[in-house]
file input.txt (compact mmCIF, C-alpha atoms)
# COMPACT_ATOMS: atom_id res chain seq x y z
CA MET I 1 -8.14 -22.50 20.23
CA PRO I 2 -8.62 -19.23 22.16
CA THR I 3 -7.07 -18.94 25.63
CA VAL I 4 -8.56 -17.21 28.68
CA LEU I 5 -6.51 -16.24 31.75
CA ILE I 6 -8.45 -16.51 35.04
CA ILE I 7 -6.96 -14.48 37.92
CA ASP I 8 -8.76 -15.42 41.14
CA ASP I 9 -7.48 -16.60 44.54
CA ASN I 10 -10.47 -18.93 44.90
CA ALA I 11 -9.44 -22.25 43.37
CA ALA I 12 -13.08 -23.33 43.07
CA VAL I 13 -13.76 -20.40 40.72
CA ALA I 14 -10.84 -21.36 38.48
CA VAL I 15 -11.96 -25.01 38.34
CA ALA I 16 -15.59 -24.11 37.56
CA LEU I 17 -14.59 -21.75 34.76
CA ASP I 18 -12.07 -24.23 33.34
CA VAL I 19 -14.78 -26.91 33.10
CA LEU I 20 -17.24 -24.48 31.53
CA PHE I 21 -14.76 -23.28 28.91
CA SER I 22 -13.41 -26.74 28.08
CA LEU I 23 -16.92 -27.80 27.05
CA HIS I 24 -16.88 -25.00 24.44
CA ASP I 25 -13.35 -25.44 23.00
CA ILE I 26 -11.84 -22.59 25.00
CA ALA I 27 -8.57 -23.15 26.85
CA SER I 28 -7.96 -21.59 30.25
CA ILE I 29 -4.99 -20.76 32.46
CA SER I 30 -5.44 -19.89 36.12
CA ALA I 31 -3.46 -17.62 38.44
CA ALA I 32 -4.08 -17.26 42.17
CA SER I 33 -2.69 -13.73 42.54
CA PRO I 34 -2.24 -10.52 40.56
CA GLU I 35 1.52 -11.06 40.48
CA GLU I 36 1.18 -14.58 39.06
CA GLY I 37 -1.36 -13.37 36.50
CA LEU I 38 0.91 -10.55 35.28
CA ALA I 39 3.81 -12.98 35.03
CA ILE I 40 1.74 -15.33 32.84
CA LEU I 41 0.70 -12.43 30.60
CA GLY I 42 4.36 -11.57 30.17
CA ARG I 43 5.30 -14.98 28.80
CA GLU I 44 2.20 -16.57 27.20
CA PRO I 45 -0.27 -15.45 24.50
CA VAL I 46 -3.71 -14.83 25.99
CA ASP I 47 -6.91 -13.73 24.23
CA LEU I 48 -8.85 -12.51 27.27
CA VAL I 49 -8.55 -12.04 31.04
CA ILE I 50 -11.20 -12.74 33.68
CA GLN I 51 -10.12 -11.20 36.99
CA ASP I 52 -11.52 -11.02 40.47
CA MET I 53 -11.76 -7.69 42.27
CA ASN I 54 -10.52 -8.89 45.69
CA PHE I 55 -7.60 -11.05 46.78
CA THR I 56 -6.27 -12.26 50.13
CA ALA I 57 -4.83 -8.95 51.24
CA ASP I 58 -8.15 -7.16 50.98
CA THR I 59 -11.50 -8.89 50.70
CA THR I 60 -13.97 -6.02 50.53
CA SER I 61 -12.86 -2.78 48.87
CA GLY I 62 -11.96 -3.93 45.36
CA GLU I 63 -8.78 -1.82 45.42
CA GLU I 64 -6.59 -4.78 44.46
CA GLY I 65 -8.80 -5.45 41.46
CA VAL I 66 -8.55 -1.83 40.39
CA ALA I 67 -4.77 -1.89 40.67
CA LEU I 68 -4.56 -5.17 38.73
CA PHE I 69 -6.80 -3.89 35.96
CA ARG I 70 -4.79 -0.67 35.60
CA GLU I 71 -1.54 -2.64 35.36
CA ILE I 72 -2.96 -5.01 32.74
CA ARG I 73 -4.21 -2.04 30.76
CA ARG I 74 -0.78 -0.36 31.00
CA ARG I 75 1.12 -3.43 29.82
CA HIS I 76 -1.47 -4.80 27.35
CA PRO I 77 -3.74 -1.90 26.30
CA ASP I 78 -5.71 -3.93 23.72
CA LEU I 79 -6.33 -7.04 25.83
CA PRO I 80 -10.03 -7.41 26.84
CA VAL I 81 -10.67 -7.82 30.58
CA ILE I 82 -13.86 -9.09 32.24
CA LEU I 83 -14.32 -8.29 35.93
CA LEU I 84 -15.89 -10.73 38.43
CA THR I 85 -17.59 -8.59 41.05
CA ALA I 86 -19.47 -8.76 44.32
CA TRP I 87 -22.12 -6.26 45.36
CA THR I 88 -19.67 -4.63 47.80
CA HIS I 89 -17.49 -3.28 44.99
CA LEU I 90 -19.92 -2.93 42.09
CA ASP I 91 -19.25 0.80 41.84
CA ALA I 92 -15.53 0.16 41.37
CA ALA I 93 -16.27 -2.29 38.53
CA VAL I 94 -18.55 0.22 36.82
CA ASP I 95 -15.80 2.83 37.03
CA LEU I 96 -13.34 0.39 35.43
CA VAL I 97 -15.76 -0.30 32.57
CA LYS I 98 -15.69 3.43 31.90
CA LEU I 99 -11.87 3.12 31.75
CA GLY I 100 -12.00 0.31 29.22
CA ALA I 101 -12.94 -2.94 30.95
CA ALA I 102 -14.91 -5.14 28.55
CA ASP I 103 -17.64 -6.14 31.02
CA TYR I 104 -18.37 -6.98 34.65
CA LEU I 105 -20.25 -10.02 35.95
CA PRO I 106 -21.57 -10.60 39.46
CA LYS I 107 -20.76 -13.67 41.48
CA PRO I 108 -22.29 -16.18 41.09
CA TRP I 109 -22.25 -15.65 37.34
CA ASN I 110 -24.65 -16.74 34.65
CA ASP I 111 -22.90 -19.34 32.45
CA GLU I 112 -24.75 -18.39 29.27
CA ARG I 113 -24.04 -14.68 29.63
CA LEU I 114 -20.40 -15.32 30.49
CA LEU I 115 -19.92 -17.64 27.50
CA ALA I 116 -21.62 -15.18 25.15
CA THR I 117 -19.43 -12.32 26.39
CA VAL I 118 -16.22 -14.35 26.19
CA THR I 119 -17.02 -15.68 22.71
CA ASN I 120 -17.87 -12.24 21.33
CA LEU I 121 -14.77 -10.62 22.81
CA VAL I 122 -12.47 -13.38 21.58
CA GLU I 123 -13.90 -13.23 18.06
CA LEU I 124 -13.64 -9.45 18.05
CA GLY I 125 -10.05 -9.60 19.29
CA GLN I 126 -9.09 -12.16 16.65
CA ALA I 127 -10.74 -10.04 13.94
CA ASN I 128 -8.93 -6.93 15.17
CA ARG I 129 -5.59 -8.73 15.20
CA ALA I 130 -6.20 -10.02 11.69
CA LEU I 131 -7.15 -6.51 10.60
CA GLY I 132 -4.06 -5.10 12.28
CA THR I 133 -1.86 -7.64 10.52
CA ARG I 134 -3.46 -6.84 7.18
CA LEU I 135 -3.09 -3.11 7.74
CA GLN I 136 0.57 -3.59 8.64
CA ARG I 137 1.12 -5.54 5.41
CA GLU I 138 -0.68 -2.87 3.42
CA HIS I 139 1.31 -0.09 5.07
CA LYS I 140 4.56 -1.93 4.35
CA ALA I 141 3.52 -2.45 0.72
CA ARG I 142 2.63 1.26 0.39
CA ARG I 143 5.95 2.29 1.91
CA GLU I 144 7.89 0.00 -0.44
CA LEU I 145 6.02 1.33 -3.48
CA GLU I 146 6.61 4.93 -2.43
CA GLN I 147 10.31 4.29 -1.80
CA ARG I 148 10.97 2.36 -5.02
CA PHE I 149 8.87 4.33 -7.49
CA ASP I 150 7.85 7.86 -8.37
CA LEU I 151 4.09 7.87 -7.70
CA ARG I 152 3.70 11.52 -8.73
CA GLY I 153 2.15 12.48 -5.40
CA LEU I 154 -0.82 10.17 -5.84
CA VAL I 155 -3.08 9.97 -2.76
CA TRP I 156 -4.32 6.44 -2.09
CA GLN I 157 -4.87 3.84 0.62
CA ASP I 158 -7.18 1.20 -0.81
CA PRO I 159 -5.73 -2.25 -1.61
CA ALA I 160 -7.46 -2.19 -5.02
CA THR I 161 -5.50 0.94 -5.94
CA GLU I 162 -2.32 -0.63 -4.61
CA ARG I 163 -2.75 -3.60 -6.95
CA VAL I 164 -3.12 -1.28 -9.94
CA LEU I 165 -0.07 0.76 -8.91
CA HIS I 166 2.03 -2.33 -8.35
CA LEU I 167 1.28 -3.65 -11.82
CA ALA I 168 1.72 -0.20 -13.39
CA CYS I 169 5.18 0.15 -11.86
CA GLN I 170 6.06 -3.40 -12.89
CA VAL I 171 5.32 -2.77 -16.56
CA ALA I 172 6.63 0.81 -16.63
CA ARG I 173 10.18 -0.18 -17.58
CA ALA I 174 9.06 -2.43 -20.43
CA ASP I 175 8.71 -0.68 -23.80
CA VAL I 176 5.24 -2.09 -24.51
CA PRO I 177 1.82 -0.49 -25.12
CA VAL I 178 -0.47 -0.36 -22.09
CA LEU I 179 -4.28 -0.09 -22.10
CA ILE I 180 -5.88 1.42 -18.98
CA THR I 181 -9.59 0.67 -18.58
CA GLY I 182 -12.06 2.11 -16.11
CA PRO I 183 -14.89 4.63 -15.79
CA ASN I 184 -14.61 8.33 -16.51
CA GLY I 185 -13.10 10.37 -13.72
CA ALA I 186 -11.47 7.40 -11.97
CA GLY I 187 -7.91 8.69 -12.49
CA LYS I 188 -6.66 6.85 -15.58
CA GLU I 189 -4.43 9.76 -16.66
CA ARG I 190 -2.75 9.74 -13.24
CA ILE I 191 -1.86 6.06 -13.73
CA ALA I 192 -0.48 6.84 -17.19
CA ASP I 193 1.64 9.64 -15.71
CA ILE I 194 3.06 7.22 -13.13
CA ILE I 195 3.95 4.72 -15.87
CA GLN I 196 5.76 7.49 -17.78
CA ALA I 197 7.60 8.68 -14.65
CA ASN I 198 9.00 5.19 -14.01
CA SER I 199 9.71 4.27 -17.64
CA GLN I 200 12.95 4.25 -19.59
CA VAL I 201 11.76 7.46 -21.30
CA SER I 202 10.92 9.29 -18.09
CA GLY I 203 13.09 12.20 -19.21
CA GLY I 204 11.09 12.61 -22.41
CA PRO I 205 7.81 14.44 -22.97
CA PHE I 206 4.47 13.21 -21.67
CA VAL I 207 1.85 14.26 -24.23
CA VAL I 208 -1.89 13.82 -23.67
CA LEU I 209 -4.65 13.67 -26.28
CA ASN I 210 -8.29 13.13 -25.32
CA CYS I 211 -9.77 11.51 -28.42
CA GLY I 212 -13.26 12.05 -27.03
CA ALA I 213 -12.87 15.84 -26.78
CA LEU I 214 -12.31 16.48 -30.50
CA PRO I 215 -14.49 16.19 -33.61
CA SER I 216 -13.62 12.99 -35.46
CA GLU I 217 -12.39 14.94 -38.49
CA LEU I 218 -9.74 16.70 -36.40
CA ILE I 219 -8.39 13.72 -34.44
CA GLU I 220 -6.05 12.59 -37.25
CA ALA I 221 -4.61 16.09 -37.60
CA GLU I 222 -4.04 16.20 -33.85
CA LEU I 223 -2.33 12.81 -33.85
CA PHE I 224 -0.20 13.04 -36.96
CA GLY I 225 -0.05 16.75 -37.78
CA ALA I 226 -1.03 18.41 -41.04
CA ASP I 227 0.60 20.39 -43.85
CA ALA I 228 -0.75 23.76 -44.83
CA GLY I 229 -3.96 23.42 -46.83
CA ALA I 230 -4.56 19.80 -45.74
CA TYR I 231 -8.05 20.74 -44.56
CA THR I 232 -10.23 23.84 -44.35
CA GLY I 233 -8.66 26.32 -41.97
CA ALA I 234 -5.17 24.74 -42.05
CA ALA I 235 -3.35 27.94 -42.97
CA LYS I 236 0.05 26.62 -41.92
CA ALA I 237 1.76 23.33 -41.19
CA ARG I 238 1.28 21.97 -37.68
CA GLU I 239 3.04 19.33 -35.63
CA GLY I 240 1.00 16.37 -34.37
CA LYS I 241 1.04 14.68 -30.99
CA PHE I 242 3.27 11.84 -32.21
CA GLU I 243 5.99 14.29 -33.21
CA ALA I 244 5.58 16.20 -29.94
CA ALA I 245 5.91 12.95 -27.96
CA ASP I 246 9.01 11.68 -29.83
CA GLY I 247 11.39 10.22 -27.24
CA GLY I 248 8.68 10.08 -24.58
CA THR I 249 5.12 8.90 -23.99
CA LEU I 250 1.84 9.63 -25.76
CA PHE I 251 -1.29 9.08 -23.68
CA LEU I 252 -4.41 8.57 -25.80
CA ASP I 253 -7.50 8.92 -23.63
CA GLU I 254 -10.90 7.67 -24.84
CA ILE I 255 -9.22 5.61 -27.56
CA GLY I 256 -12.61 4.13 -28.49
CA ASN I 257 -13.52 7.47 -30.13
CA LEU I 258 -10.77 7.16 -32.75
CA PRO I 259 -12.37 7.02 -36.25
CA PRO I 260 -11.62 4.07 -38.59
CA ALA I 261 -9.04 5.94 -40.69
CA GLY I 262 -7.24 7.09 -37.55
CA GLN I 263 -7.29 3.53 -36.18
CA MET I 264 -5.57 2.24 -39.31
CA LYS I 265 -2.87 4.93 -39.17
CA LEU I 266 -2.35 4.39 -35.45
CA LEU I 267 -1.86 0.66 -36.02
CA ARG I 268 0.83 1.43 -38.62
CA VAL I 269 2.66 3.79 -36.26
CA LEU I 270 2.62 1.20 -33.51
CA GLU I 271 4.03 -1.42 -35.87
CA THR I 272 6.64 0.68 -37.70
CA GLY I 273 7.08 4.00 -35.90
CA ARG I 274 6.40 5.77 -39.25
CA PHE I 275 3.56 8.04 -40.39
CA GLU I 276 2.73 10.98 -42.69
CA ARG I 277 1.14 14.26 -41.81
CA LEU I 278 -2.26 14.95 -43.36
CA GLY I 279 -1.73 16.37 -46.86
CA SER I 280 1.89 15.19 -47.00
CA ASN I 281 3.64 12.27 -48.69
CA ARG I 282 6.83 12.61 -46.62
CA GLU I 283 7.22 9.80 -44.16
CA ARG I 284 8.31 10.68 -40.65
CA GLN I 285 9.95 8.42 -38.05
CA VAL I 286 9.33 8.62 -34.29
CA LYS I 287 9.96 6.50 -31.20
CA VAL I 288 7.00 6.89 -28.84
CA ARG I 289 5.67 4.83 -25.92
CA VAL I 290 1.88 4.69 -26.35
CA ILE I 291 -0.44 4.37 -23.37
CA SER I 292 -4.16 4.37 -24.14
CA ALA I 293 -7.26 4.47 -21.99
CA THR I 294 -10.97 3.91 -22.41
CA ASN I 295 -14.20 3.59 -20.49
CA ALA I 296 -15.80 1.82 -23.47
CA ASP I 297 -16.23 -1.91 -24.03
CA LEU I 298 -13.74 -2.32 -26.87
CA LYS I 299 -14.57 -6.00 -27.33
CA ALA I 300 -18.22 -5.09 -27.92
CA MET I 301 -17.07 -2.42 -30.39
CA ILE I 302 -15.00 -5.05 -32.21
CA ARG I 303 -18.07 -7.27 -32.51
CA ALA I 304 -20.03 -4.28 -33.80
CA GLY I 305 -17.32 -3.54 -36.36
CA THR I 306 -16.48 -0.07 -34.98
CA PHE I 307 -13.05 -0.88 -33.55
CA ARG I 308 -10.25 -2.83 -35.24
CA GLU I 309 -9.43 -6.12 -33.57
CA ASP I 310 -5.78 -6.00 -34.65
CA LEU I 311 -5.41 -2.53 -33.12
CA TYR I 312 -7.04 -3.71 -29.89
CA TYR I 313 -4.53 -6.50 -29.43
CA ARG I 314 -1.70 -4.16 -30.34
CA LEU I 315 -2.80 -1.66 -27.67
CA ASN I 316 -3.75 -4.28 -25.11
CA LEU I 317 -0.44 -6.05 -24.61
CA ILE I 318 -0.83 -5.08 -20.93
CA GLU I 319 -4.22 -4.08 -19.51
CA LEU I 320 -4.61 -2.19 -16.23
CA HIS I 321 -8.16 -1.94 -14.89
CA LEU I 322 -8.76 0.99 -12.52
CA PRO I 323 -11.96 0.31 -10.53
CA PRO I 324 -14.52 3.06 -9.85
CA LEU I 325 -14.04 5.07 -6.66
CA ALA I 326 -16.96 3.27 -4.98
CA ALA I 327 -15.00 0.02 -5.30
CA ARG I 328 -11.96 1.71 -3.68
CA PRO I 329 -13.56 3.01 -0.46
CA GLY I 330 -10.22 3.23 1.31
CA ASP I 331 -9.26 6.06 -1.05
CA ILE I 332 -12.32 8.24 -0.41
CA LEU I 333 -11.40 10.01 2.83
CA PRO I 334 -7.66 10.47 2.06
CA LEU I 335 -8.60 12.00 -1.30
CA ALA I 336 -11.32 14.16 0.29
CA ARG I 337 -8.84 15.56 2.82
CA ALA I 338 -6.29 16.18 0.07
CA PHE I 339 -8.85 18.09 -2.00
CA LEU I 340 -10.10 20.11 0.97
CA ALA I 341 -8.97 23.73 1.32
CA PRO I 342 -6.08 24.31 3.79
CA GLY I 343 -7.27 24.84 7.34
CA LYS I 344 -10.52 22.93 6.80
CA THR I 345 -11.41 19.61 8.46
CA LEU I 346 -14.24 17.13 8.00
CA HIS I 347 -16.92 16.56 10.64
CA PRO I 348 -17.30 12.80 11.43
CA ALA I 349 -20.84 12.92 10.03
CA SER I 350 -19.44 14.40 6.81
CA GLU I 351 -16.94 11.56 6.59
CA ALA I 352 -19.77 9.05 6.99
CA ALA I 353 -21.75 10.82 4.24
CA LEU I 354 -18.77 10.72 1.89
CA LEU I 355 -18.31 7.00 2.50
CA ALA I 356 -22.00 6.29 1.91
CA HIS I 357 -22.22 8.21 -1.38
CA PRO I 358 -21.95 6.00 -4.54
CA TRP I 359 -19.69 8.47 -6.45
CA PRO I 360 -20.98 7.95 -10.00
CA GLY I 361 -18.55 10.68 -11.13
CA ASN I 362 -15.64 9.01 -9.32
CA VAL I 363 -12.57 11.02 -8.23
CA ARG I 364 -13.52 13.95 -10.45
CA GLU I 365 -16.87 14.26 -8.66
CA LEU I 366 -15.21 14.00 -5.25
CA LYS I 367 -12.77 16.78 -6.15
CA ASN I 368 -15.63 19.06 -7.19
CA VAL I 369 -17.64 18.26 -4.04
CA MET I 370 -14.71 19.13 -1.78
CA ALA I 371 -13.95 22.34 -3.66
CA ARG I 372 -17.57 23.43 -3.26
CA ALA I 373 -17.65 22.39 0.41
CA GLY I 374 -14.53 24.42 1.11
CA LEU I 375 -16.23 27.50 -0.29
CA LEU I 376 -19.61 26.97 1.39
CA SER I 377 -18.50 25.99 4.90
CA SER I 378 -18.64 28.97 7.23
CA GLY I 379 -16.26 27.54 9.83
CA ALA I 380 -13.15 25.41 9.89
CA THR I 381 -15.21 22.19 9.98
CA VAL I 382 -17.08 21.00 6.90
CA GLN I 383 -20.60 19.88 7.86
CA VAL I 384 -22.80 17.42 5.96
CA ALA I 385 -24.91 20.23 4.50
CA ASP I 386 -21.78 21.85 3.04
CA LEU I 387 -21.14 18.78 0.88
CA GLY I 388 -24.34 19.21 -1.11
CA LEU I 389 -24.70 15.46 -1.63
CA PRO I 390 -28.13 14.31 -2.85
CA PRO I 391 -30.27 12.25 -0.45
CA ALA I 392 -30.78 8.60 -1.30
CA SER I 393 -33.78 8.42 -3.63
CA LEU I 394 -33.79 4.87 -4.99
CA PRO I 395 -37.07 2.94 -4.92
CA ALA I 396 -37.30 0.54 -2.00
CA GLN I 397 -36.84 -2.56 -4.16
CA GLU I 398 -33.63 -1.13 -5.60
CA ALA I 399 -32.30 0.40 -2.37
CA GLU I 400 -33.03 -2.74 -0.34
CA PRO I 401 -31.85 -5.90 -2.12
CA ASP I 402 -33.23 -8.98 -0.39
CA ARG I 403 -31.20 -11.68 1.36
CA ASP I 404 -31.00 -13.98 -1.66
CA ALA I 405 -29.78 -11.18 -3.92
CA ILE I 406 -27.02 -10.27 -1.45
CA VAL I 407 -25.92 -13.88 -0.89
CA GLN I 408 -25.82 -14.52 -4.65
CA ALA I 409 -23.85 -11.31 -5.29
CA LEU I 410 -21.33 -12.26 -2.60
CA GLY I 411 -21.00 -15.70 -4.16
CA ARG I 412 -20.33 -14.26 -7.61
CA ALA I 413 -17.79 -11.86 -6.09
CA GLY I 414 -15.97 -14.65 -4.27
CA GLY I 415 -16.78 -13.02 -0.94
CA VAL I 416 -15.30 -9.62 -1.90
CA VAL I 417 -17.80 -7.22 -0.32
CA ALA I 418 -16.71 -4.17 -2.33
CA GLN I 419 -17.27 -6.03 -5.60
CA ALA I 420 -20.66 -7.35 -4.50
CA ALA I 421 -21.68 -3.87 -3.35
CA SER I 422 -20.73 -2.40 -6.73
CA GLU I 423 -22.85 -5.03 -8.50
CA LEU I 424 -25.81 -4.27 -6.24
CA GLY I 425 -25.42 -0.52 -6.71
CA LEU I 426 -24.56 0.07 -3.05
CA SER I 427 -21.61 1.46 -1.15
CA ARG I 428 -19.63 -1.10 0.82
CA GLN I 429 -20.82 0.41 4.10
CA ALA I 430 -24.46 0.24 2.98
CA LEU I 431 -24.05 -3.42 2.06
CA TYR I 432 -22.48 -4.19 5.44
CA ARG I 433 -25.46 -2.57 7.18
CA ARG I 434 -27.92 -4.68 5.15
CA MET I 435 -25.91 -7.84 5.85
CA GLU I 436 -26.02 -7.16 9.59
CA ARG I 437 -29.75 -6.43 9.46
CA LEU I 438 -30.46 -9.64 7.52
CA GLY I 439 -28.09 -11.79 9.63
CA ILE I 440 -25.65 -12.51 6.78
CA ALA I 441 -22.19 -13.34 8.13
CA ARG I 442 -19.32 -11.24 6.87
CA PRO I 443 -16.96 -13.22 4.56
call {"tool": "encode", "arguments": {"input": "input.txt", "output": "structure tokens"}}
result
Amino acid sequence: MPTVLIIDDNAAVAVALDVLFSLHDIASISAASPEEGLAILGREPVDLVIQDMNFTADTTSGEEGVALFREIRRRHPDLPVILLTAWTHLDAAVDLVKLGAADYLPKPWNDERLLATVTNLVELGQANRALGTRLQREHKARRELEQRFDLRGLVWQDPATERVLHLACQVARADVPVLITGPNGAGKERIADIIQANSQVSGGPFVVLNCGALPSELIEAELFGADAGAYTGAAKAREGKFEAADGGTLFLDEIGNLPPAGQMKLLRVLETGRFERLGSNRERQVKVRVISATNADLKAMIRAGTFREDLYYRLNLIELHLPPLAARPGDILPLARAFLAPGKTLHPASEAALLAHPWPGNVRELKNVMARAGLLSSGATVQVADLGLPPASLPAQEAEPDRDAIVQALGRAGGVVAQAASELGLSRQALYRRMERLGIARP
């Protein structure tokens, strides 16, 4: 039950407010002087203060109320204060509102307005305290991760990223294959690098092969190497990525692009650590930690017969899913500032535009946008126009999901707004605005 402190030397005021609040499940404590009120604040938890502007020493100027408010603000800067005023000191109350007072109400007050103000301020204060507690927990978790593990300078703040990092660091020491899933440009290679840096083979090589960047006929040669004459243009023997990664980690990006023959050979290497170069019968032995990544639906590929099920389960002993950037909104501004040229800052309107953008290209797109903005901005501050972000152009029925669609999406997401927003094709901030407009309570 929320608690309100009433500081007023008129006992009738305290009694009237106590009766009013008790009818609406709000507790009250009364103090007859500024000194008594400050003493109560020093020893008891209070959600809100209602204070008079005049006490026995001075009944007209409001100076005592000003002094009391300033002392409350000094000792408890986040505590909301409502002022009870008379016409003789209305100007003083207005000045205090400018200094941070939550509201001022004339005597005699309107019960409905007072209750509405108190209820809103109490709910806001409780929400802010809960947010502060959550942010403290998140900051502590970030600090512990940064102290215990080598995060390779990764910039992040969002809880969704923290969960991925926590699991990545947990499995890093285990010598098991890891599959990282998520959209292109989300940062899967950075997660693989962090796993390598905290693994038992952190001193070994970290070798990267993007299976989607090579013709299918060359992927096997890149993975396993080739003897001279093994294929057209192979004038001399070449070492493959497995040999180069011996004693370390091999990161295979876009693993879904591996052709069937390469899948079979990869499965054998994972099971035995042995392979042959293309065009060679000599078996080679390596010890390599394999981390793979994909943006493809490997289970659908298995059903279609284009990806081996046994290889999938061999690669997927541990799966880490890295959400798209739009589902990690807490990362957007820290990353944007990190990508921005030295000496440049973001205008608040630019920050709002970055948060509202859906980022279909994820972190890679954000990096490119900030590089371009740094070049185009004429001053030290990056304006919205410098970002070059496209205006929203969705049809109204797509841009404005109705109330039922939003409620159903929130239900499917278990109340997680970021997940519901991603399903609806909106940013989290855009979904919040629609919820407020449609009167949908925040989870």
call {"tool": "atom_distance", "arguments": {"input": "input.txt", "atom1": "CA of Pro77 in chain I", "atom2": "CA of Asp9 in chain I"}}
result
23.7 Å
call {"tool": "closest_residue", "arguments": {"input": "input.txt", "among": "I:Cys169, I:Ala27, I:Leu266, I:Val176", "to": "Pro45 in chain I", "atoms": "all atoms listed in the file"}}
result
I:Ala27
call {"tool": "residues_around", "arguments": {"input": "input.txt", "residues": "Glu35 in chain I", "least_positions_apart": "3", "cutoff": "12 Å", "atoms": "all atoms listed in the file", "output": "PyMOL selection string"}}
result
chain I and resi 7-9+31-32+38-42+55+64-65+67-69+71-72
call {"tool": "write_last_selection", "arguments": {"input": "input.txt", "atoms": "C-alpha atoms", "output": "PDB file, keeping the file's coordinate frame"}}
result
ATOM      1  CA  ILE I   7      -6.960 -14.480  37.920  1.00  0.00           C
ATOM      2  CA  ASP I   8      -8.760 -15.420  41.140  1.00  0.00           C
ATOM      3  CA  ASP I   9      -7.480 -16.600  44.540  1.00  0.00           C
ATOM      4  CA  ALA I  31      -3.460 -17.620  38.440  1.00  0.00           C
ATOM      5  CA  ALA I  32      -4.080 -17.260  42.170  1.00  0.00           C
ATOM      6  CA  LEU I  38       0.910 -10.550  35.280  1.00  0.00           C
ATOM      7  CA  ALA I  39       3.810 -12.980  35.030  1.00  0.00           C
ATOM      8  CA  ILE I  40       1.740 -15.330  32.840  1.00  0.00           C
ATOM      9  CA  LEU I  41       0.700 -12.430  30.600  1.00  0.00           C
ATOM     10  CA  GLY I  42       4.360 -11.570  30.170  1.00  0.00           C
ATOM     11  CA  PHE I  55      -7.600 -11.050  46.780  1.00  0.00           C
ATOM     12  CA  GLU I  64      -6.590  -4.780  44.460  1.00  0.00           C
ATOM     13  CA  GLY I  65      -8.800  -5.450  41.460  1.00  0.00           C
ATOM     14  CA  ALA I  67      -4.770  -1.890  40.670  1.00  0.00           C
ATOM     15  CA  LEU I  68      -4.560  -5.170  38.730  1.00  0.00           C
ATOM     16  CA  PHE I  69      -6.800  -3.890  35.960  1.00  0.00           C
ATOM     17  CA  GLU I  71      -1.540  -2.640  35.360  1.00  0.00           C
ATOM     18  CA  ILE I  72      -2.960  -5.010  32.740  1.00  0.00           C
TER      19      ILE I  72
END
call {"tool": "closest_atom_pairs", "arguments": {"input": "input.txt", "of": "range 97-205 of chain I", "to": "range 329-344 of chain I", "cutoff": "10 Å", "atoms": "only C-alpha atoms", "output": "JSON lines"}}
result
{"residue": "I:Leu154", "atom": "CA", "partner": "I:Leu335", "partner_atom": "CA", "distance": 9.2}
{"residue": "I:Val155", "atom": "CA", "partner": "I:Leu335", "partner_atom": "CA", "distance": 6.1}
{"residue": "I:Trp156", "atom": "CA", "partner": "I:Asp331", "partner_atom": "CA", "distance": 5.1}
{"residue": "I:Gln157", "atom": "CA", "partner": "I:Asp331", "partner_atom": "CA", "distance": 5.2}
{"residue": "I:Asp158", "atom": "CA", "partner": "I:Gly330", "partner_atom": "CA", "distance": 4.2}
{"residue": "I:Pro159", "atom": "CA", "partner": "I:Gly330", "partner_atom": "CA", "distance": 7.7}
{"residue": "I:Ala160", "atom": "CA", "partner": "I:Gly330", "partner_atom": "CA", "distance": 8.8}
{"residue": "I:Thr161", "atom": "CA", "partner": "I:Asp331", "partner_atom": "CA", "distance": 8.0}
call {"tool": "axis_aligned_box", "arguments": {"input": "input.txt", "around": "range 351-360 of chain I", "padding_each_side": "6 Å", "output": "lines of an AutoDock Vina configuration file"}}
result
center_x = -19.6
center_y = 8.8
center_z = -1.5
size_x = 17.3
size_y = 17.6
size_z = 29.0
call {"tool": "residues_near_point", "arguments": {"input": "input.txt", "point": "(-18.3, -13.5, 8.0)", "cutoff": "12 Å", "atoms": "only C-alpha atoms", "output": "PyMOL selection string"}}
result
chain I and resi 123-124+127+407+410+415-417+432+435-436+439-443
call {"tool": "residues_near_point", "arguments": {"input": "input.txt", "point": "(-6.7, 6.8, -15.7)", "cutoff": "10 Å", "atoms": "all atoms listed in the file", "output": "list in words"}}
result
Leu179, Ile180, Thr181, Gly182, Pro183, Asn184, Gly185, Ala186, Gly187, Lys188, Glu189, Arg190, Ile191, Ala192, Asp193, Phe251, Asp253, Ser292, Ala293, Thr294, Asn295, Leu320, His321, Leu322 and Pro323 of chain I
call {"tool": "residues_around", "arguments": {"input": "input.txt", "residues": "Ala430 in chain I", "least_positions_apart": "6", "cutoff": "12 Å", "atoms": "only C-alpha atoms", "output": "list of chain:residue names"}}
result
I:Ala326, I:Pro329, I:Ala352, I:Ala353, I:Leu354, I:Leu355, I:Ala356, I:His357, I:Pro358, I:Ala392, I:Ala399, I:Glu400, I:Pro401, I:Ile406, I:Val417, I:Ala418, I:Ala420, I:Ala421, I:Ser422, I:Leu424, I:Glu436, I:Arg437
call {"tool": "atom_distance", "arguments": {"input": "input.txt", "atom1": "CA of Val384 in chain I", "atom2": "CA of Asn368 in chain I"}}
result
15.1 Å
call {"tool": "closest_residue", "arguments": {"input": "input.txt", "among": "I:Ile219, I:Asp150, I:Leu298, I:Val369", "to": "Lys265 in chain I", "atoms": "only C-alpha atoms"}}
result
I:Ile219
